[in-house]
Amino acid sequence: MKTILLSSLVVLGLSGAAFAQAATDFASVDTDANGSVSFAEAVVAWPDLTQDAFNAADVDGNGELSLEEYTGLTASAAPAS
């Protein structure tokens, strides 16, 4: 699954550098503290995030990223060390 997500992010043009510039923890991005991250919240942290990349990370398709989905998105987009 992570391979698919990473491939999707690369194809959609979301680079690890974009995420590295704004590496932010889940709680900080979840500004309304509802336990999930909307596209509107995510794009504030990562202005280069596309709706398509967000949708690819939204595995359950509910329009919000759970902690697990958010972690997968940020881990897949982070540059390898």
# chains A, B, ... in the order shown; residues from 1 in each chain; ligands from 1

call {"tool": "residues_around", "arguments": {"residues": "Phe26 of chain A", "least_positions_apart": "4", "cutoff": "10 Å", "atoms": "only C-alpha atoms", "output": "VMD selection string"}}
result
chain A and resid 30 to 31 33 35 to 37 42 65 to 68 70 to 71 74

call {"tool": "write_last_selection", "arguments": {"atoms": "all heavy atoms", "output": "compact mmCIF listing (two decimals), in the first residue's frame"}}
result
# COMPACT_ATOMS: atom_id res chain seq x y z
N ASP A 30 -4.32 19.29 12.40
CA ASP A 30 -5.74 19.12 12.74
C ASP A 30 -6.20 20.31 13.59
O ASP A 30 -6.45 20.20 14.78
CB ASP A 30 -5.94 17.80 13.48
CG ASP A 30 -7.38 17.53 13.88
OD1 ASP A 30 -8.29 18.15 13.30
OD2 ASP A 30 -7.58 16.70 14.79
N THR A 31 -6.34 21.45 12.95
CA THR A 31 -6.59 22.70 13.68
C THR A 31 -7.94 22.75 14.38
O THR A 31 -8.08 23.46 15.37
CB THR A 31 -6.45 23.92 12.75
OG1 THR A 31 -7.34 23.77 11.64
CG2 THR A 31 -5.02 24.05 12.24
N ALA A 33 -9.23 20.12 15.78
CA ALA A 33 -9.11 19.06 16.79
C ALA A 33 -10.26 18.05 16.75
O ALA A 33 -10.69 17.55 17.77
CB ALA A 33 -8.99 19.67 18.19
N GLY A 35 -9.94 15.13 15.20
CA GLY A 35 -9.36 13.80 15.06
C GLY A 35 -9.08 13.38 13.64
O GLY A 35 -8.70 12.23 13.39
N SER A 36 -9.24 14.31 12.70
CA SER A 36 -8.91 14.01 11.30
C SER A 36 -8.46 15.31 10.62
O SER A 36 -8.68 16.40 11.13
CB SER A 36 -10.12 13.42 10.57
OG SER A 36 -11.19 14.33 10.56
N VAL A 37 -7.79 15.15 9.48
CA VAL A 37 -7.26 16.29 8.75
C VAL A 37 -8.00 16.42 7.43
O VAL A 37 -8.01 15.48 6.63
CB VAL A 37 -5.74 16.14 8.52
CG1 VAL A 37 -5.21 17.22 7.60
CG2 VAL A 37 -4.99 16.16 9.84
N ALA A 42 -4.85 20.48 5.54
CA ALA A 42 -3.58 19.98 5.01
C ALA A 42 -2.91 20.98 4.08
O ALA A 42 -1.69 21.16 4.12
CB ALA A 42 -3.80 18.65 4.30
N LEU A 65 -8.31 12.75 6.46
CA LEU A 65 -7.21 11.83 6.76
C LEU A 65 -7.21 11.49 8.24
O LEU A 65 -7.16 12.38 9.09
CB LEU A 65 -5.86 12.45 6.40
CG LEU A 65 -5.63 12.81 4.94
CD1 LEU A 65 -4.22 13.36 4.75
CD2 LEU A 65 -5.88 11.63 4.02
N SER A 66 -7.28 10.20 8.52
CA SER A 66 -7.12 9.73 9.89
C SER A 66 -5.64 9.85 10.25
O SER A 66 -4.80 10.12 9.39
CB SER A 66 -7.56 8.27 9.99
OG SER A 66 -6.68 7.45 9.22
N LEU A 67 -5.32 9.62 11.51
CA LEU A 67 -3.92 9.64 11.92
C LEU A 67 -3.12 8.64 11.10
O LEU A 67 -2.02 8.95 10.64
CB LEU A 67 -3.80 9.33 13.42
CG LEU A 67 -2.37 9.21 13.97
CD1 LEU A 67 -1.57 10.49 13.73
CD2 LEU A 67 -2.40 8.87 15.45
N GLU A 68 -3.65 7.46 10.89
CA GLU A 68 -2.94 6.43 10.12
C GLU A 68 -2.72 6.88 8.66
O GLU A 68 -1.63 6.73 8.12
CB GLU A 68 -3.73 5.12 10.15
CG GLU A 68 -3.04 3.99 9.41
CD GLU A 68 -3.84 2.71 9.49
OE1 GLU A 68 -4.84 2.59 8.74
OE2 GLU A 68 -3.48 1.84 10.31
N TYR A 70 -2.72 9.97 7.52
CA TYR A 70 -1.82 11.12 7.58
C TYR A 70 -0.38 10.67 7.74
O TYR A 70 0.52 11.15 7.06
CB TYR A 70 -2.24 12.03 8.73
CG TYR A 70 -1.35 13.22 8.95
CD1 TYR A 70 -1.57 14.40 8.29
CD2 TYR A 70 -0.28 13.16 9.85
CE1 TYR A 70 -0.76 15.51 8.49
CE2 TYR A 70 0.54 14.24 10.06
CZ TYR A 70 0.30 15.41 9.38
OH TYR A 70 1.12 16.49 9.58
N THR A 71 -0.18 9.71 8.65
CA THR A 71 1.17 9.18 8.88
C THR A 71 1.70 8.52 7.62
O THR A 71 2.87 8.70 7.26
CB THR A 71 1.16 8.20 10.07
OG1 THR A 71 0.69 8.89 11.23
CG2 THR A 71 2.54 7.63 10.33
N THR A 74 2.68 11.35 5.10
CA THR A 74 3.92 12.06 5.43
C THR A 74 5.14 11.14 5.38
O THR A 74 6.20 11.57 4.96
CB THR A 74 3.84 12.74 6.81
OG1 THR A 74 3.54 11.75 7.81
CG2 THR A 74 2.77 13.82 6.82

call {"tool": "atom_distance", "arguments": {"atom1": "atom CA of Ala75 of chain A", "atom2": "atom CA of Asp52 of chain A"}}
result
17.4 Å

call {"tool": "residues_around", "arguments": {"residues": "Asn62 of chain A", "least_positions_apart": "6", "cutoff": "12 Å", "atoms": "only C-alpha atoms", "output": "list in words"}}
result
Ser36, Val37, Ser38, Phe39, Phe54, Asn55, Ala56 and Glu69 of chain A

call {"tool": "closest_residue", "arguments": {"among": "A:Asn34, A:Gly72, A:Gly63, A:Val29", "to": "Trp46 of chain A", "atoms": "only C-alpha atoms"}}
result
A:Val29

call {"tool": "closest_residue", "arguments": {"among": "A:Asp48, A:Glu41, A:Asp58, A:Glu64", "to": "Ser28 of chain A", "atoms": "only C-alpha atoms"}}
result
A:Glu41
